[in-house]
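Just below is one structure, and these are the notes that go with it.
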Amino acid sequence: MGAGRWMKMLNGLRRQFPAAAVLAAILLTGSGAGAVMRDAECDDLDISLEPAADFRTIKCEAGQMVTGGESGSVGMATIEAEDALSFFIVYHDRAGNRTYLTRTDPKGVFGDSMDFAVEGTWSSTSVSNGFSIAKFFGKFDFAAEQVPCFAFTRYAGHVAHTTGYRHMIGGFYCEFVPSDQPVTDARVDQMTEKVKADMF
């Protein structure tokens with residue numbers, strides 16, 4: 001895929017799947033009263049992609065959602081990265097003092113909010129470098145063919161006396177090259193190995 005086409009694809013993805021909307025959708029405690037994301041220095045986040053030199057571009061954002069009632073707020077951060085063959089988006093939800101995040105598999109976290117995921121293509125859950133993995137195929141409004149993808153989640157910081165966690169690191173990866181074959185296990189391992197976080 002040429003540079004112009006993959007940039008069109010990524011820009012279309014951003015319009016269809018904005019970071020703030022996704023982060024709001026995956027919060028599992030309370031109802032959002034508003035989420036604001038702003039550009040951030042990647043070095044200031046608690047998550048990173050390493051080595052950064054493996055990617056053509058990396059864009060970072062940070063923000064917060066204030067949730068209703070007594071449930072407090074949730075801190076949010078995103079990393080959007082592209083290389084020659086794929087894009088990779090990583091989310092970090094950090095529960096506030098009166099919130100926690102319920103452990104859920106990748107399809108449970110992202111499935112309902114991913115309009116581009118082809119129905120019926122989600123795989124069973126596997127594990128890669130400590131992350132729960134579910135493969136699927138994506139089909140975007142601005143492209144004619146489906147591409148292989150995977151979603152991932154990992155939780156850290158169990159909140160005492162609850163079934164929840166303080167942190168959720170998750171996201172998804174899609175390739176630019178259309179294919180009817182899923183992302184290989186080797187590629188999944190290669191990409192999840194790049195996700196680093198202070199809490200694990």
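Numbering starts fresh at 1 for the residues of each chain in the structure tokens, the chains themselves are lettered A, B, ... in the order given, and ligands are numbered from 1 as they appear.
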
For A:Lys135, list every protein, DNA or RNA residue within 10 Å, evaluated using only C-alpha atoms, and leave out those in the same chain fewer than 5 positions away; present the list as a list in words.
Pro106, Lys107, Thr121, Trp122, Ser123, Ser124, Thr125, Ser126, Pro148, Cys149, Phe150, Ala151, Phe152, Phe172, Tyr173, Cys174, Pro182, Val183, Thr184, Asp185 and Val188 of chain A

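With only C-alpha atoms taken into account, the protein and nucleic acid residues at most 9 Å from A:Thr163 (excluding it and anything under 2 positions from it in its own chain) are Tyr100, Leu101, Thr102, Arg103, His158, Val159, Ala160, His161 and Tyr165 of chain A.
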
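For the pair atom CA of A:Pro51 and atom CA of A:Met191, the interatomic distance is 10.7 Å.
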
Run DSSP on the backbone and give me the residues of stretch 76-158 of chain A it puts in strand (DSSP E or B), as a JSON list (two decimals) with N, CA, C and O atoms, in the first residue's frame.
[["chain", "number", "residue", "atom", "x", "y", "z"],
["A", 76, "MET", "N", -6.63, 8.91, 31.37],
["A", 76, "MET", "CA", -6.56, 8.21, 30.10],
["A", 76, "MET", "C", -5.32, 8.67, 29.32],
["A", 76, "MET", "O", -4.91, 9.82, 29.43],
["A", 77, "ALA", "N", -4.75, 7.75, 28.55],
["A", 77, "ALA", "CA", -3.65, 8.09, 27.67],
["A", 77, "ALA", "C", -3.71, 7.20, 26.44],
["A", 77, "ALA", "O", -4.19, 6.06, 26.52],
["A", 78, "THR", "N", -3.24, 7.70, 25.32],
["A", 78, "THR", "CA", -3.19, 6.91, 24.10],
["A", 78, "THR", "C", -1.85, 7.11, 23.39],
["A", 78, "THR", "O", -1.24, 8.17, 23.49],
["A", 79, "ILE", "N", -1.44, 6.08, 22.70],
["A", 79, "ILE", "CA", -0.31, 6.15, 21.77],
["A", 79, "ILE", "C", -0.81, 5.64, 20.43],
["A", 79, "ILE", "O", -1.36, 4.54, 20.34],
["A", 80, "GLU", "N", -0.63, 6.43, 19.39],
["A", 80, "GLU", "CA", -0.91, 6.00, 18.02],
["A", 80, "GLU", "C", 0.42, 5.91, 17.29],
["A", 80, "GLU", "O", 1.17, 6.90, 17.24],
["A", 81, "ALA", "N", 0.71, 4.76, 16.71],
["A", 81, "ALA", "CA", 1.98, 4.57, 16.04],
["A", 81, "ALA", "C", 1.77, 3.88, 14.69],
["A", 81, "ALA", "O", 0.86, 3.07, 14.53],
["A", 82, "GLU", "N", 2.61, 4.24, 13.72],
["A", 82, "GLU", "CA", 2.55, 3.59, 12.42],
["A", 82, "GLU", "C", 3.94, 3.18, 11.98],
["A", 82, "GLU", "O", 4.93, 3.88, 12.27],
["A", 86, "SER", "N", 1.76, -1.29, 9.11],
["A", 86, "SER", "CA", 0.70, -1.45, 10.09],
["A", 86, "SER", "C", 0.51, -0.19, 10.93],
["A", 86, "SER", "O", 1.33, 0.72, 10.89],
["A", 87, "PHE", "N", -0.59, -0.17, 11.68],
["A", 87, "PHE", "CA", -0.76, 0.83, 12.72],
["A", 87, "PHE", "C", -1.08, 0.13, 14.03],
["A", 87, "PHE", "O", -1.62, -0.98, 14.06],
["A", 88, "PHE", "N", -0.75, 0.81, 15.13],
["A", 88, "PHE", "CA", -0.80, 0.20, 16.45],
["A", 88, "PHE", "C", -1.29, 1.27, 17.41],
["A", 88, "PHE", "O", -0.71, 2.36, 17.48],
["A", 89, "ILE", "N", -2.37, 1.02, 18.12],
["A", 89, "ILE", "CA", -2.93, 1.99, 19.05],
["A", 89, "ILE", "C", -2.99, 1.36, 20.43],
["A", 89, "ILE", "O", -3.52, 0.25, 20.61],
["A", 90, "VAL", "N", -2.43, 2.06, 21.41],
["A", 90, "VAL", "CA", -2.36, 1.56, 22.78],
["A", 90, "VAL", "C", -3.09, 2.54, 23.69],
["A", 90, "VAL", "O", -2.90, 3.75, 23.59],
["A", 91, "TYR", "N", -3.94, 2.02, 24.57],
["A", 91, "TYR", "CA", -4.70, 2.81, 25.52],
["A", 91, "TYR", "C", -4.27, 2.46, 26.95],
["A", 91, "TYR", "O", -3.98, 1.31, 27.24],
["A", 92, "HIS", "N", -4.27, 3.46, 27.80],
["A", 92, "HIS", "CA", -4.04, 3.24, 29.23],
["A", 92, "HIS", "C", -5.17, 3.92, 29.99],
["A", 92, "HIS", "O", -5.33, 5.14, 29.92],
["A", 93, "ASP", "N", -5.96, 3.13, 30.69],
["A", 93, "ASP", "CA", -6.95, 3.66, 31.62],
["A", 93, "ASP", "C", -6.40, 3.52, 33.03],
["A", 93, "ASP", "O", -5.91, 2.45, 33.40],
["A", 94, "ARG", "N", -6.47, 4.59, 33.80],
["A", 94, "ARG", "CA", -6.00, 4.58, 35.19],
["A", 94, "ARG", "C", -7.15, 5.03, 36.09],
["A", 94, "ARG", "O", -7.59, 6.18, 36.03],
["A", 95, "ALA", "N", -7.66, 4.11, 36.89],
["A", 95, "ALA", "CA", -8.81, 4.41, 37.73],
["A", 95, "ALA", "C", -8.44, 5.41, 38.82],
["A", 95, "ALA", "O", -7.32, 5.40, 39.35],
["A", 101, "LEU", "N", -11.42, -0.83, 37.49],
["A", 101, "LEU", "CA", -11.71, -1.36, 36.16],
["A", 101, "LEU", "C", -11.88, -2.87, 36.27],
["A", 101, "LEU", "O", -11.06, -3.56, 36.87],
["A", 102, "THR", "N", -12.95, -3.37, 35.70],
["A", 102, "THR", "CA", -13.25, -4.79, 35.76],
["A", 102, "THR", "C", -12.49, -5.54, 34.66],
["A", 102, "THR", "O", -12.50, -5.12, 33.51],
["A", 117, "ALA", "N", -14.69, -3.86, 13.01],
["A", 117, "ALA", "CA", -14.41, -5.29, 13.17],
["A", 117, "ALA", "C", -15.47, -6.11, 12.43],
["A", 117, "ALA", "O", -16.66, -5.91, 12.61],
["A", 126, "SER", "N", -6.12, -15.82, 23.46],
["A", 126, "SER", "CA", -4.84, -16.44, 23.74],
["A", 126, "SER", "C", -4.01, -15.46, 24.57],
["A", 126, "SER", "O", -4.52, -14.41, 24.97],
["A", 127, "VAL", "N", -2.75, -15.79, 24.82],
["A", 127, "VAL", "CA", -1.89, -14.93, 25.65],
["A", 127, "VAL", "C", -0.57, -14.69, 24.92],
["A", 127, "VAL", "O", -0.01, -15.60, 24.31],
["A", 128, "SER", "N", -0.09, -13.45, 25.01],
["A", 128, "SER", "CA", 1.20, -13.08, 24.42],
["A", 128, "SER", "C", 1.87, -12.06, 25.33],
["A", 128, "SER", "O", 1.33, -10.97, 25.56],
["A", 131, "PHE", "N", -0.27, -10.32, 27.84],
["A", 131, "PHE", "CA", -1.49, -9.70, 27.34],
["A", 131, "PHE", "C", -2.47, -10.76, 26.86],
["A", 131, "PHE", "O", -2.07, -11.75, 26.23],
["A", 132, "SER", "N", -3.75, -10.56, 27.12],
["A", 132, "SER", "CA", -4.80, -11.36, 26.50],
["A", 132, "SER", "C", -4.98, -10.86, 25.08],
["A", 132, "SER", "O", -5.05, -9.65, 24.83],
["A", 133, "ILE", "N", -5.07, -11.80, 24.13],
["A", 133, "ILE", "CA", -5.10, -11.47, 22.71],
["A", 133, "ILE", "C", -6.34, -12.06, 22.06],
["A", 133, "ILE", "O", -6.69, -13.21, 22.32],
["A", 134, "ALA", "N", -7.00, -11.29, 21.20],
["A", 134, "ALA", "CA", -8.07, -11.82, 20.35],
["A", 134, "ALA", "C", -7.85, -11.26, 18.94],
["A", 134, "ALA", "O", -7.78, -10.04, 18.76],
["A", 135, "LYS", "N", -7.72, -12.15, 17.98],
["A", 135, "LYS", "CA", -7.52, -11.74, 16.59],
["A", 135, "LYS", "C", -8.89, -11.52, 15.93],
["A", 135, "LYS", "O", -9.89, -12.13, 16.29],
["A", 136, "PHE", "N", -8.90, -10.63, 14.93],
["A", 136, "PHE", "CA", -10.12, -10.38, 14.15],
["A", 136, "PHE", "C", -9.71, -9.76, 12.82],
["A", 136, "PHE", "O", -8.53, -9.48, 12.58],
["A", 137, "PHE", "N", -10.68, -9.56, 11.95],
["A", 137, "PHE", "CA", -10.44, -8.86, 10.69],
["A", 137, "PHE", "C", -11.17, -7.54, 10.71],
["A", 137, "PHE", "O", -12.29, -7.43, 11.25],
["A", 138, "GLY", "N", -10.53, -6.51, 10.16],
["A", 138, "GLY", "CA", -11.12, -5.19, 10.10],
["A", 138, "GLY", "C", -11.51, -4.82, 8.69],
["A", 138, "GLY", "O", -10.82, -5.16, 7.73],
["A", 147, "VAL", "N", -8.59, -6.35, 6.45],
["A", 147, "VAL", "CA", -7.20, -6.48, 6.87],
["A", 147, "VAL", "C", -7.15, -7.24, 8.18],
["A", 147, "VAL", "O", -8.09, -7.19, 8.98],
["A", 148, "PRO", "N", -6.06, -7.98, 8.44],
["A", 148, "PRO", "CA", -5.93, -8.70, 9.71],
["A", 148, "PRO", "C", -5.57, -7.77, 10.86],
["A", 148, "PRO", "O", -4.77, -6.84, 10.70],
["A", 149, "CYS", "N", -6.15, -8.04, 12.02],
["A", 149, "CYS", "CA", -5.97, -7.20, 13.20],
["A", 149, "CYS", "C", -5.92, -8.09, 14.44],
["A", 149, "CYS", "O", -6.27, -9.27, 14.40],
["A", 150, "PHE", "N", -5.51, -7.51, 15.56],
["A", 150, "PHE", "CA", -5.73, -8.14, 16.86],
["A", 150, "PHE", "C", -5.94, -7.07, 17.91],
["A", 150, "PHE", "O", -5.48, -5.93, 17.77],
["A", 151, "ALA", "N", -6.68, -7.42, 18.95],
["A", 151, "ALA", "CA", -6.89, -6.55, 20.11],
["A", 151, "ALA", "C", -6.24, -7.20, 21.32],
["A", 151, "ALA", "O", -6.06, -8.42, 21.37],
["A", 152, "PHE", "N", -5.89, -6.39, 22.31],
["A", 152, "PHE", "CA", -5.18, -6.91, 23.48],
["A", 152, "PHE", "C", -5.55, -6.14, 24.73],
["A", 152, "PHE", "O", -5.93, -4.97, 24.67],
["A", 153, "THR", "N", -5.46, -6.80, 25.88],
["A", 153, "THR", "CA", -5.69, -6.16, 27.17],
["A", 153, "THR", "C", -4.77, -6.77, 28.21],
["A", 153, "THR", "O", -4.37, -7.94, 28.11],
["A", 154, "ARG", "N", -4.45, -5.97, 29.21],
["A", 154, "ARG", "CA", -3.71, -6.46, 30.38],
["A", 154, "ARG", "C", -4.05, -5.56, 31.55],
["A", 154, "ARG", "O", -4.14, -4.33, 31.39],
["A", 155, "TYR", "N", -4.25, -6.14, 32.71],
["A", 155, "TYR", "CA", -4.66, -5.41, 33.90],
["A", 155, "TYR", "C", -3.56, -5.47, 34.96],
["A", 155, "TYR", "O", -2.83, -6.46, 35.06],
["A", 156, "ALA", "N", -3.47, -4.43, 35.77],
["A", 156, "ALA", "CA", -2.46, -4.38, 36.83],
["A", 156, "ALA", "C", -2.99, -3.56, 37.99],
["A", 156, "ALA", "O", -3.84, -2.68, 37.83],
["A", 157, "GLY", "N", -2.45, -3.84, 39.18],
["A", 157, "GLY", "CA", -2.80, -3.08, 40.37],
["A", 157, "GLY", "C", -4.16, -3.44, 40.92],
["A", 157, "GLY", "O", -5.09, -2.63, 40.91],
["A", 158, "HIS", "N", -4.29, -4.65, 41.44],
["A", 158, "HIS", "CA", -5.57, -5.09, 42.00],
["A", 158, "HIS", "C", -6.00, -4.16, 43.13],
["A", 158, "HIS", "O", -5.20, -3.77, 43.98]]

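Those residues of stretch 24-191 of chain A that DSSP, working from the backbone, places in helix (DSSP H, G or I) are Ala24, Ala25, Ile26, Cys42, Asp43, Asp44, Ala52, Ala53, Asp54, Pro106, Lys107, Gly108, Val109, Phe110, Gly111, Asp112, Ser113, Asp185, Ala186, Arg187, Val188, Asp189, Gln190 and Met191 of chain A.
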
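The space separating atom CA of A:Gly171 from atom CA of A:Ala143 comes to 21.2 Å.
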
Atom pair atom CA of A:Ser113 / atom CA of A:Gly75: separation (Å)
19.3 Å
